[in-house]
$ cat run.txt   # compact mmCIF, C-alpha atoms
# COMPACT_ATOMS: atom_id res chain seq x y z
CA MET A 1 21.55 113.37 109.70
CA ASP A 2 18.54 114.20 111.83
CA SER A 3 16.93 110.79 111.85
CA PRO A 4 16.55 109.15 115.24
CA LEU A 5 18.68 106.40 116.60
CA THR A 6 16.18 103.60 116.44
CA LYS A 7 16.38 100.65 118.77
CA GLY A 8 14.84 97.46 117.43
CA VAL A 9 12.53 99.42 115.19
CA LYS A 10 9.81 97.52 113.36
CA ASN A 11 10.76 96.99 109.77
CA ASP A 12 7.98 98.30 107.55
CA ASN A 13 8.23 96.66 104.21
CA MET A 14 11.73 95.46 103.42
CA GLU A 15 15.25 95.08 104.69
CA HIS A 16 17.54 98.06 105.16
CA LEU A 17 20.19 99.03 102.67
CA ALA A 18 23.90 98.72 103.25
CA PRO A 19 25.52 102.17 103.19
CA LYS A 20 27.86 101.78 100.25
CA ILE A 21 29.83 104.41 98.38
CA GLU A 22 31.74 104.01 95.15
CA VAL A 23 35.33 105.24 95.03
CA GLY A 24 37.38 104.59 91.94
CA GLY A 25 34.98 101.97 90.62
CA ILE A 26 35.07 99.88 93.81
CA GLU A 27 32.13 99.70 96.18
CA PHE A 28 32.96 100.26 99.85
CA ASP A 29 30.52 99.15 102.51
CA LEU A 30 30.91 101.93 105.07
CA ALA A 31 29.06 100.04 107.80
CA ALA A 32 31.38 97.06 107.46
CA ILE A 33 34.50 99.25 107.50
CA MET A 34 33.24 101.16 110.54
CA MET A 35 32.39 97.96 112.40
CA VAL A 36 35.79 96.42 111.58
CA VAL A 37 37.45 99.43 113.19
CA ILE A 38 35.11 99.38 116.18
CA SER A 39 35.61 95.70 116.93
CA SER A 40 39.38 96.06 116.49
CA LEU A 41 39.31 98.91 119.02
CA ILE A 42 37.22 96.88 121.47
CA VAL A 43 39.59 93.92 121.29
CA PHE A 44 42.62 96.19 121.59
CA ILE A 45 41.24 98.00 124.63
CA LEU A 46 40.16 94.72 126.22
CA ALA A 47 43.62 93.23 125.79
CA ARG A 48 45.37 96.39 127.01
CA LEU A 49 43.15 96.59 130.09
CA ALA A 50 43.81 92.94 130.87
CA VAL A 51 47.59 93.38 130.88
CA ARG A 52 47.65 96.76 132.60
CA ASN A 53 48.30 95.58 136.17
CA LEU A 54 49.91 92.20 135.63
CA SER A 55 50.50 90.37 138.86
CA VAL A 56 51.25 86.80 139.85
CA GLU A 57 49.97 86.90 143.43
CA ASN A 58 46.88 88.99 142.90
CA PRO A 59 45.64 88.75 139.28
CA GLY A 60 42.68 90.89 138.33
CA LYS A 61 39.46 89.51 136.87
CA LEU A 62 40.31 90.57 133.36
CA GLN A 63 43.79 89.12 133.63
CA ASN A 64 42.33 85.81 134.79
CA PHE A 65 39.92 85.86 131.86
CA LEU A 66 42.62 86.57 129.31
CA GLU A 67 44.88 83.90 130.80
CA TRP A 68 42.01 81.47 130.45
CA VAL A 69 41.61 82.47 126.79
CA VAL A 70 45.34 82.02 126.17
CA GLU A 71 45.24 78.56 127.73
CA PHE A 72 42.16 77.75 125.68
CA VAL A 73 43.97 78.71 122.46
CA GLN A 74 47.00 76.73 123.60
CA GLY A 75 44.66 73.77 123.94
CA ILE A 76 43.37 74.27 120.40
CA ILE A 77 46.92 74.42 119.01
CA GLY A 78 48.02 71.47 121.11
CA GLN A 79 45.23 69.35 119.63
CA SER A 80 46.38 69.84 116.08
CA MET A 81 50.16 70.03 116.30
CA ASP A 82 53.16 69.74 118.56
CA MET A 83 53.22 72.72 120.91
CA LYS A 84 56.90 73.29 120.08
CA LYS A 85 55.96 73.91 116.46
CA GLY A 86 52.69 75.63 117.31
CA ARG A 87 54.08 78.26 119.70
CA PRO A 88 54.45 81.00 117.00
CA TYR A 89 50.75 80.72 116.13
CA LEU A 90 49.53 81.41 119.65
CA ALA A 91 49.28 85.14 119.01
CA LEU A 92 47.50 84.52 115.71
CA GLY A 93 45.00 82.17 117.30
CA LEU A 94 44.40 84.54 120.22
CA THR A 95 43.80 87.45 117.86
CA LEU A 96 41.46 85.45 115.66
CA ILE A 97 39.31 84.03 118.44
CA LEU A 98 38.97 87.33 120.35
CA TYR A 99 38.35 89.37 117.23
CA ILE A 100 35.83 87.01 115.66
CA PHE A 101 33.99 86.48 118.94
CA VAL A 102 33.69 90.21 119.60
CA SER A 103 32.63 90.78 115.97
CA ASN A 104 29.95 88.12 116.19
CA MET A 105 28.55 89.59 119.38
CA LEU A 106 28.51 93.22 118.16
CA GLY A 107 25.57 92.93 115.80
CA LEU A 108 23.23 91.29 118.30
CA PRO A 109 22.06 93.86 120.88
CA PHE A 110 20.78 96.76 118.75
CA SER A 111 21.04 98.48 115.40
CA ILE A 112 21.47 102.03 114.16
CA ILE A 113 19.26 102.96 111.25
CA THR A 114 19.13 106.27 109.40
CA GLU A 115 16.35 107.19 107.01
CA ALA A 116 16.50 109.47 104.02
CA HIS A 117 14.60 112.75 104.37
CA ASN A 118 12.23 113.62 101.50
CA GLY A 119 14.10 111.34 99.15
CA HIS A 120 17.35 113.21 99.76
CA ILE A 121 20.17 110.68 99.62
CA PRO A 122 22.98 111.51 102.07
CA SER A 123 26.61 111.75 101.02
CA VAL A 124 29.63 110.55 102.93
CA PHE A 125 33.12 111.92 102.18
CA GLY A 126 31.62 113.64 99.16
CA HIS A 127 30.32 110.41 97.68
CA GLN A 128 26.61 109.76 97.50
CA LEU A 129 25.40 106.49 99.00
CA ILE A 130 24.51 103.92 96.39
CA VAL A 131 20.80 103.22 96.05
CA PRO A 132 19.64 100.23 94.00
CA GLU A 133 16.90 100.85 91.47
CA ASP A 134 13.20 100.44 92.37
CA THR A 135 13.84 101.08 96.06
CA GLU A 136 11.24 103.25 97.75
CA HIS A 137 12.16 102.60 101.39
CA LEU A 138 15.36 104.58 101.85
CA ALA A 139 16.90 103.45 105.17
CA TRP A 140 20.44 102.39 105.93
CA ALA A 141 21.61 100.04 108.66
CA TRP A 142 24.91 101.31 110.11
CA TRP A 143 25.41 98.81 112.91
CA LYS A 144 26.01 95.15 112.13
CA SER A 145 28.50 92.43 112.84
CA PRO A 146 31.57 92.96 110.65
CA THR A 147 31.53 89.19 110.16
CA ALA A 148 28.12 89.53 108.50
CA ASP A 149 30.02 90.95 105.50
CA ALA A 150 31.38 88.41 103.03
CA ALA A 151 34.40 90.53 102.03
CA MET A 152 35.54 90.73 105.63
CA THR A 153 35.33 87.01 106.39
CA MET A 154 36.87 86.05 103.06
CA ALA A 155 39.76 88.40 103.84
CA LEU A 156 40.28 86.67 107.19
CA ALA A 157 40.11 83.26 105.53
CA LEU A 158 42.55 84.36 102.82
CA ILE A 159 45.05 85.64 105.40
CA VAL A 160 44.95 82.31 107.19
CA ILE A 161 45.17 80.13 104.08
CA VAL A 162 47.99 82.16 102.50
CA LEU A 163 49.84 81.95 105.82
CA SER A 164 49.42 78.18 105.94
CA HIS A 165 50.77 77.74 102.40
CA VAL A 166 53.67 80.14 102.96
CA GLN A 167 54.63 78.40 106.19
CA GLY A 168 54.32 75.03 104.45
CA ILE A 169 56.75 76.13 101.73
CA ARG A 170 59.14 77.81 104.17
CA LEU A 171 59.33 75.15 106.86
CA ASN A 172 58.34 71.94 105.12
CA ALA A 173 59.00 72.53 101.41
CA LYS A 174 59.88 68.97 100.40
CA HIS A 175 56.87 67.33 101.96
CA TYR A 176 54.60 70.24 101.15
CA PHE A 177 55.06 69.74 97.41
CA LYS A 178 55.27 65.98 97.70
CA HIS A 179 51.87 66.05 99.37
CA TYR A 180 50.32 67.21 96.09
CA THR A 181 51.92 64.66 93.78
CA SER A 182 52.12 61.55 95.93
CA ASN A 183 49.20 61.43 98.33
CA PRO A 184 48.44 58.68 97.45
CA ASN A 185 49.57 59.24 93.83
CA ILE A 186 49.55 61.75 90.99
CA VAL A 187 45.97 60.88 89.96
CA PHE A 188 44.67 62.75 93.01
CA LEU A 189 46.35 66.02 92.05
CA PRO A 190 43.08 67.62 90.80
CA ILE A 191 41.44 66.88 94.14
CA HIS A 192 44.30 68.58 95.97
CA LEU A 193 43.99 71.55 93.63
CA ILE A 194 40.25 71.78 94.31
CA GLU A 195 41.05 71.63 98.00
CA ILE A 196 43.28 74.73 97.69
CA VAL A 197 40.26 76.69 96.44
CA SER A 198 37.60 75.11 98.62
CA LYS A 199 39.47 75.59 101.90
CA PRO A 200 39.37 79.41 101.99
CA LEU A 201 35.91 79.39 100.43
CA THR A 202 34.32 77.20 103.09
CA LEU A 203 36.33 78.81 105.89
CA GLY A 204 35.15 82.29 104.97
CA LEU A 205 31.61 81.42 103.90
CA ARG A 206 30.94 79.34 107.01
CA LEU A 207 31.56 82.32 109.27
CA PHE A 208 29.80 84.78 106.96
CA GLY A 209 26.79 82.54 106.42
CA ASN A 210 26.21 81.83 110.09
CA ILE A 211 26.39 85.44 111.19
CA PHE A 212 24.59 86.88 108.17
CA ALA A 213 21.76 84.35 108.41
CA GLY A 214 21.52 85.15 112.12
CA GLU A 215 21.10 88.86 111.41
CA VAL A 216 18.57 88.27 108.64
CA MET A 217 16.62 86.07 111.03
CA ILE A 218 16.68 88.83 113.65
CA GLY A 219 15.25 91.15 111.01
CA VAL A 220 12.48 88.66 110.21
CA ILE A 221 11.61 88.25 113.90
CA LEU A 222 11.54 92.04 114.37
CA GLY A 223 9.03 92.20 111.55
CA MET A 224 6.69 89.97 113.53
CA GLY A 225 6.11 92.65 116.17
CA TRP A 226 5.08 91.77 119.74
CA VAL A 227 4.45 88.13 118.86
CA GLY A 228 8.14 87.73 118.13
CA ILE A 229 9.48 88.50 121.61
CA PRO A 230 9.82 84.87 122.81
CA ALA A 231 11.30 83.90 119.45
CA MET A 232 13.69 86.84 119.76
CA LEU A 233 14.87 85.70 123.22
CA VAL A 234 15.51 82.18 121.92
CA TRP A 235 17.22 83.39 118.78
CA GLN A 236 19.47 85.88 120.60
CA GLY A 237 20.61 83.11 122.93
CA PHE A 238 21.20 80.81 119.99
CA SER A 239 23.11 83.55 118.16
CA ILE A 240 25.47 83.96 121.13
CA PHE A 241 26.01 80.21 121.06
CA VAL A 242 26.59 80.18 117.29
CA GLY A 243 28.92 83.18 117.50
CA ALA A 244 31.06 81.48 120.14
CA ILE A 245 31.10 78.15 118.28
CA GLN A 246 32.01 79.81 114.98
CA SER A 247 34.89 81.81 116.45
CA PHE A 248 36.15 78.60 118.00
CA VAL A 249 35.72 76.60 114.77
CA PHE A 250 37.49 79.26 112.72
CA THR A 251 40.48 79.28 115.07
CA MET A 252 40.58 75.50 115.23
CA LEU A 253 40.43 75.09 111.46
CA THR A 254 43.18 77.70 111.11
CA MET A 255 45.42 75.61 113.31
CA VAL A 256 44.44 72.38 111.54
CA TYR A 257 45.22 73.86 108.11
CA ILE A 258 48.55 75.26 109.31
CA SER A 259 49.51 71.96 110.90
CA GLN A 260 48.50 70.08 107.75
CA SER A 261 51.01 72.01 105.73
CA ILE A 262 53.90 72.34 108.22
CA VAL A 263 53.78 69.01 110.04
CA HIS A 264 55.15 66.01 108.24
CA GLU A 265 53.72 62.70 109.37
CA GLU A 266 56.19 59.89 109.41
CA ASP A 267 53.80 57.27 108.08
CA HIS A 268 53.80 58.35 104.45
CA MET B 269 6.36 82.29 85.46
CA ASP B 270 8.79 85.16 85.68
CA LEU B 271 12.34 85.04 86.94
CA ASN B 272 11.41 85.95 90.53
CA THR B 273 9.20 82.91 90.86
CA TYR B 274 12.04 80.66 89.76
CA GLY B 275 14.22 82.38 92.34
CA TYR B 276 11.76 81.51 95.12
CA ILE B 277 11.53 77.90 93.94
CA ALA B 278 15.32 77.59 93.71
CA GLY B 279 15.74 79.12 97.16
CA GLY B 280 13.21 76.74 98.64
CA ILE B 281 14.82 73.70 97.06
CA VAL B 282 18.38 74.66 97.94
CA PHE B 283 17.59 75.42 101.57
CA GLY B 284 15.32 72.40 101.94
CA LEU B 285 17.95 70.00 100.68
CA GLY B 286 20.66 71.71 102.71
CA ALA B 287 18.58 71.40 105.87
CA LEU B 288 17.82 67.75 105.06
CA GLY B 289 21.49 66.89 104.69
CA ALA B 290 22.48 68.82 107.80
CA GLY B 291 19.70 67.13 109.76
CA ILE B 292 21.01 63.70 108.82
CA GLY B 293 24.58 64.78 109.57
CA ASN B 294 23.74 66.23 112.98
CA GLY B 295 21.72 63.12 113.81
CA LEU B 296 24.70 60.92 113.00
CA ILE B 297 27.04 63.08 115.08
CA PHE B 298 24.84 63.04 118.16
CA SER B 299 23.85 59.39 117.91
CA LYS B 300 27.53 58.47 117.88
CA THR B 301 28.24 60.91 120.71
CA VAL B 302 25.52 59.36 122.88
CA GLU B 303 26.89 55.93 122.03
CA GLY B 304 30.36 57.01 123.03
CA ILE B 305 29.15 58.55 126.29
CA SER B 306 27.23 55.41 127.21
CA ARG B 307 30.35 53.36 126.61
CA GLN B 308 32.67 55.71 128.49
CA PRO B 309 30.66 58.13 130.64
CA GLU B 310 33.83 59.71 132.02
CA LEU B 311 34.61 61.14 128.55
CA ARG B 312 31.33 63.06 128.47
CA GLY B 313 32.88 66.53 128.47
CA THR B 314 35.39 65.85 125.70
CA LEU B 315 32.88 64.03 123.54
CA THR B 316 30.26 66.76 123.84
CA ALA B 317 32.81 69.44 122.95
CA THR B 318 33.93 67.43 119.92
CA ALA B 319 30.32 66.88 118.89
CA PHE B 320 29.63 70.60 118.96
CA ILE B 321 32.70 71.26 116.82
CA GLY B 322 31.30 68.73 114.38
CA VAL B 323 27.95 70.49 114.41
CA GLY B 324 29.74 73.77 113.70
CA LEU B 325 31.34 72.18 110.65
CA VAL B 326 28.14 70.50 109.44
CA GLU B 327 26.04 73.63 109.84
CA ALA B 328 28.18 75.44 107.26
CA MET B 329 26.46 73.90 104.24
CA PRO B 330 22.81 74.62 105.16
CA ILE B 331 23.78 78.11 106.30
CA ILE B 332 25.53 78.80 103.01
CA SER B 333 22.49 77.45 101.18
CA LEU B 334 20.29 79.70 103.33
CA VAL B 335 22.32 82.70 102.23
CA LEU B 336 22.00 81.55 98.61
CA ALA B 337 18.25 81.16 99.12
CA PHE B 338 18.02 84.71 100.49
CA MET B 339 20.01 85.97 97.52
CA TRP B 340 17.82 84.25 94.95
CA ALA B 341 14.43 84.69 96.56
CA LYS B 342 13.85 88.39 96.17
$ encode --input "run.txt" --output "structure tokens"
Amino acid sequence: MDSPLTKGVKNDNMEHLAPKIEVGGIEFDLAAIMMVVISSLIVFILARLAVRNLSVENPGKLQNFLEWVVEFVQGIIGQSMDMKKGRPYLALGLTLILYIFVSNMLGLPFSIITEAHNGHIPSVFGHQLIVPEDTEHLAWAWWKSPTADAAMTMALALIVIVLSHVQGIRLNAKHYFKHYTSNPNIVFLPIHLIEIVSKPLTLGLRLFGNIFAGEVMIGVILGMGWVGIPAMLVWQGFSIFVGAIQSFVFTMLTMVYISQSIVHEEDH
Amino acid sequence: MDLNTYGYIAGGIVFGLGALGAGIGNGLIFSKTVEGISRQPELRGTLTATAFIGVGLVEAMPIISLVLAFMWAK
């Protein structure tokens, strides 16, 4: 594609399309898939670099940073459950917080946009990109936060929630099922059932909504032109803050949900 | 009025009410945080961190309603 790599280009009339292809009746968002891979690679390389020259006497900067992150996650787990029970989830929490934080940051600095030439719609892997009807501005945004894609965050949320239920049944079966029927009594069963659905929904949509709204807002500010530069500075700073808070909240809620299903309080 | 107009109205209402609720919620969180800090100033760090977690939780609803508003208003 011979279109230029545009940095913070002014958006003419409308938002850019997501580069989607249809394979076997299912729509795949190529940008989201690409960004998932890229952020996974970044986290992997970061973690590998940090543990390359491990040393007790003379730790490197990256090692110090990663040790701080590990202790931070230990703190999160320690707040919600006994560390003896929470130890197995340290790796999960570390993965989640690093991955979500890196994902949230990725979409902020710039974007890659390709435009269609003379109405010619490009194909990827032999599948033409999907174009909605009545679209005249053919431009695709290839660079975004993977967490600005609902499918991606819902998948993360689903992983976490399924894990919490499975661990609840494996480690705490008696009290796990008793929790539904006698907390405080059987009348509240529908509320518990609603909770099963609402937990992954809010967990995933909270992350998606925050990051997606942030990126839409960046698009709106870009549309304002030169006037928007101060607003852009403020909003970028706020987005970094929101990205950090959301990765932290996601990890913390993961640990809270897991502890809710595996820890049995003695008082009921 | 055509369907698009209704979409704009619905988006405006849903985001307005979401922002209203979140505003009240955030106000409650921070008023209680300030109260707690004035009672026990040495807990400032912990209380502020907890308050920001609370804000992260509260912000979910207006943000979700903002996404809904963007979906409807176009």
$ atom_distance --input "run.txt" --atom1 "CA of Arg48 in chain A" --atom2 "CA of Glu71 in chain A"
17.8 Å
$ closest_atom_pairs --input "run.txt" --of "chain A" --to "chain B" --cutoff "12 Å" --atoms "all atoms listed in the file" --output "Markdown table"
| residue | atom | partner | partner_atom | distance |
| --- | --- | --- | --- | --- |
| A:Met14 | CA | B:Lys342 | CA | 10.3 |
| A:Glu15 | CA | B:Lys342 | CA | 10.9 |
| A:Ile76 | CA | B:Ile321 | CA | 11.7 |
| A:Gln79 | CA | B:Thr318 | CA | 11.5 |
| A:Ala148 | CA | B:Val335 | CA | 10.9 |
| A:Asp149 | CA | B:Val335 | CA | 11.7 |
| A:Ala150 | CA | B:Val335 | CA | 10.7 |
| A:Leu201 | CA | B:Ile332 | CA | 10.7 |
| A:Thr202 | CA | B:Ala328 | CA | 7.6 |
| A:Leu203 | CA | B:Ala328 | CA | 8.9 |
| A:Gly204 | CA | B:Ala328 | CA | 10.0 |
| A:Leu205 | CA | B:Ile332 | CA | 6.7 |
| A:Arg206 | CA | B:Ala328 | CA | 4.8 |
| A:Leu207 | CA | B:Ala328 | CA | 7.9 |
| A:Phe208 | CA | B:Ile332 | CA | 8.3 |
| A:Gly209 | CA | B:Ile332 | CA | 5.2 |
| A:Asn210 | CA | B:Ile331 | CA | 5.8 |
| A:Ile211 | CA | B:Ile331 | CA | 9.2 |
| A:Phe212 | CA | B:Val335 | CA | 7.6 |
| A:Ala213 | CA | B:Val335 | CA | 6.4 |
| A:Gly214 | CA | B:Ile331 | CA | 9.4 |
| A:Glu215 | CA | B:Val335 | CA | 11.1 |
| A:Val216 | CA | B:Phe338 | CA | 8.9 |
| A:Met217 | CA | B:Leu334 | CA | 10.6 |
| A:Val220 | CA | B:Phe338 | CA | 11.9 |
| A:Phe241 | CA | B:Gly324 | CA | 10.5 |
| A:Val242 | CA | B:Gly324 | CA | 8.0 |
| A:Gly243 | CA | B:Gly324 | CA | 10.2 |
| A:Ala244 | CA | B:Gly324 | CA | 10.1 |
| A:Ile245 | CA | B:Gly324 | CA | 6.5 |
| A:Gln246 | CA | B:Gly324 | CA | 6.6 |
| A:Ser247 | CA | B:Gly324 | CA | 9.9 |
| A:Phe248 | CA | B:Ile321 | CA | 8.2 |
| A:Val249 | CA | B:Ile321 | CA | 6.5 |
| A:Phe250 | CA | B:Gly324 | CA | 9.5 |
| A:Thr251 | CA | B:Ile321 | CA | 11.3 |
| A:Met252 | CA | B:Ile321 | CA | 9.1 |
| A:Leu253 | CA | B:Leu325 | CA | 9.6 |
$ residues_around --input "run.txt" --residues "Ala231 in chain A" --least-positions-apart "4" --cutoff "10 Å" --atoms "only C-alpha atoms" --output "PDB file with C-alpha atoms, keeping the file's coordinate frame"
ATOM      1  CA  ILE A 218      16.680  88.830 113.650  1.00  0.00           C
ATOM      2  CA  ILE A 221      11.610  88.250 113.900  1.00  0.00           C
ATOM      3  CA  LEU A 222      11.540  92.040 114.370  1.00  0.00           C
ATOM      4  CA  MET A 224       6.690  89.970 113.530  1.00  0.00           C
ATOM      5  CA  VAL A 227       4.450  88.130 118.860  1.00  0.00           C
ATOM      6  CA  TRP A 235      17.220  83.390 118.780  1.00  0.00           C
ATOM      7  CA  GLN A 236      19.470  85.880 120.600  1.00  0.00           C
ATOM      8  CA  GLY A 237      20.610  83.110 122.930  1.00  0.00           C
TER       9      GLY A 237
END
$ residues_around --input "run.txt" --residues "Ile305 in chain B" --least-positions-apart "4" --cutoff "12 Å" --atoms "only C-alpha atoms" --output "VMD selection string"
chain B and resid 298 to 301 309 to 319
$ write_last_selection --input "run.txt" --atoms "C-alpha atoms" --output "compact mmCIF listing (two decimals), keeping the file's coordinate frame"
# COMPACT_ATOMS: atom_id res chain seq x y z
CA PHE B 298 24.84 63.04 118.16
CA SER B 299 23.85 59.39 117.91
CA LYS B 300 27.53 58.47 117.88
CA THR B 301 28.24 60.91 120.71
CA PRO B 309 30.66 58.13 130.64
CA GLU B 310 33.83 59.71 132.02
CA LEU B 311 34.61 61.14 128.55
CA ARG B 312 31.33 63.06 128.47
CA GLY B 313 32.88 66.53 128.47
CA THR B 314 35.39 65.85 125.70
CA LEU B 315 32.88 64.03 123.54
CA THR B 316 30.26 66.76 123.84
CA ALA B 317 32.81 69.44 122.95
CA THR B 318 33.93 67.43 119.92
CA ALA B 319 30.32 66.88 118.89
$ residues_around --input "run.txt" --residues "range 273-281 of chain B" --least-positions-apart "3" --cutoff "6 Å" --atoms "all atoms listed in the file" --output "PDB file with C-alpha atoms, in the coordinates of the input"
ATOM      1  CA  ASP B 270       8.790  85.160  85.680  1.00  0.00           C
ATOM      2  CA  GLY B 284      15.320  72.400 101.940  1.00  0.00           C
ATOM      3  CA  ALA B 337      18.250  81.160  99.120  1.00  0.00           C
ATOM      4  CA  TRP B 340      17.820  84.250  94.950  1.00  0.00           C
ATOM      5  CA  ALA B 341      14.430  84.690  96.560  1.00  0.00           C
TER       6      ALA B 341
END
$ residues_near_point --input "run.txt" --point "(56.0, 71.7, 109.0)" --cutoff "8 Å" --atoms "all atoms listed in the file" --output "list in words"
Lys85, Gln167, Gly168, Leu171, Asn172, Ser259, Gln260, Ser261, Ile262, Val263 and His264 of chain A
$ residues_around --input "run.txt" --residues "Ile21 in chain A" --least-positions-apart "3" --cutoff "6 Å" --atoms "all atoms listed in the file" --output "list in words"
Glu27, Phe28, Leu129 and Ile130 of chain A
$ atom_distance --input "run.txt" --atom1 "CA of Met255 in chain A" --atom2 "CA of Phe65 in chain A"
21.9 Å
$ closest_residue --input "run.txt" --among "A:Leu90, A:Ala139, A:Leu108, A:Ala151" --to "Val36 in chain A" --atoms "only C-alpha atoms"
A:Ala151
$ atom_distance --input "run.txt" --atom1 "CA of Ala116 in chain A" --atom2 "CA of Ile26 in chain A"
23.3 Å
$ residues_around --input "run.txt" --residues "Ile77 in chain A" --least-positions-apart "3" --cutoff "8 Å" --atoms "only C-alpha atoms" --output "PyMOL selection string"
chain A and resi 73-74+80-83+86+89-90+252+255
$ build_atoms --input "run.txt" --residues "range 66-82 of chain A" --atoms "N, CA and C atoms" --output "compact mmCIF listing (two decimals), in the frame of the given file"
# COMPACT_ATOMS: atom_id res chain seq x y z
N LEU A 66 41.76 86.64 130.48
CA LEU A 66 42.62 86.57 129.31
C LEU A 66 43.58 85.39 129.41
N GLU A 67 44.02 85.07 130.64
CA GLU A 67 44.88 83.90 130.80
C GLU A 67 44.12 82.63 130.44
N TRP A 68 42.83 82.62 130.81
CA TRP A 68 42.01 81.47 130.45
C TRP A 68 41.90 81.34 128.93
N VAL A 69 41.72 82.50 128.25
CA VAL A 69 41.61 82.47 126.79
C VAL A 69 42.91 81.96 126.18
N VAL A 70 44.05 82.45 126.72
CA VAL A 70 45.34 82.02 126.17
C VAL A 70 45.50 80.51 126.33
N GLU A 71 45.12 80.00 127.52
CA GLU A 71 45.24 78.56 127.73
C GLU A 71 44.29 77.79 126.82
N PHE A 72 43.13 78.36 126.58
CA PHE A 72 42.16 77.75 125.68
C PHE A 72 42.75 77.62 124.27
N VAL A 73 43.37 78.73 123.80
CA VAL A 73 43.97 78.71 122.46
C VAL A 73 45.14 77.74 122.42
N GLN A 74 45.91 77.71 123.53
CA GLN A 74 47.00 76.73 123.60
C GLN A 74 46.45 75.31 123.45
N GLY A 75 45.29 75.08 124.07
CA GLY A 75 44.66 73.77 123.94
C GLY A 75 44.30 73.46 122.49
N ILE A 76 43.75 74.46 121.80
CA ILE A 76 43.37 74.27 120.40
C ILE A 76 44.60 73.92 119.57
N ILE A 77 45.70 74.67 119.79
CA ILE A 77 46.92 74.42 119.01
C ILE A 77 47.47 73.05 119.36
N GLY A 78 47.46 72.75 120.68
CA GLY A 78 48.02 71.47 121.11
C GLY A 78 47.29 70.27 120.52
N GLN A 79 45.98 70.46 120.22
CA GLN A 79 45.23 69.35 119.63
C GLN A 79 45.69 69.04 118.22
N SER A 80 46.12 70.08 117.49
CA SER A 80 46.38 69.84 116.08
C SER A 80 47.86 69.71 115.75
N MET A 81 48.74 70.23 116.60
CA MET A 81 50.16 70.03 116.30
C MET A 81 50.98 70.05 117.59
N ASP A 82 52.23 69.70 117.45
CA ASP A 82 53.16 69.74 118.56
C ASP A 82 53.28 71.18 119.06
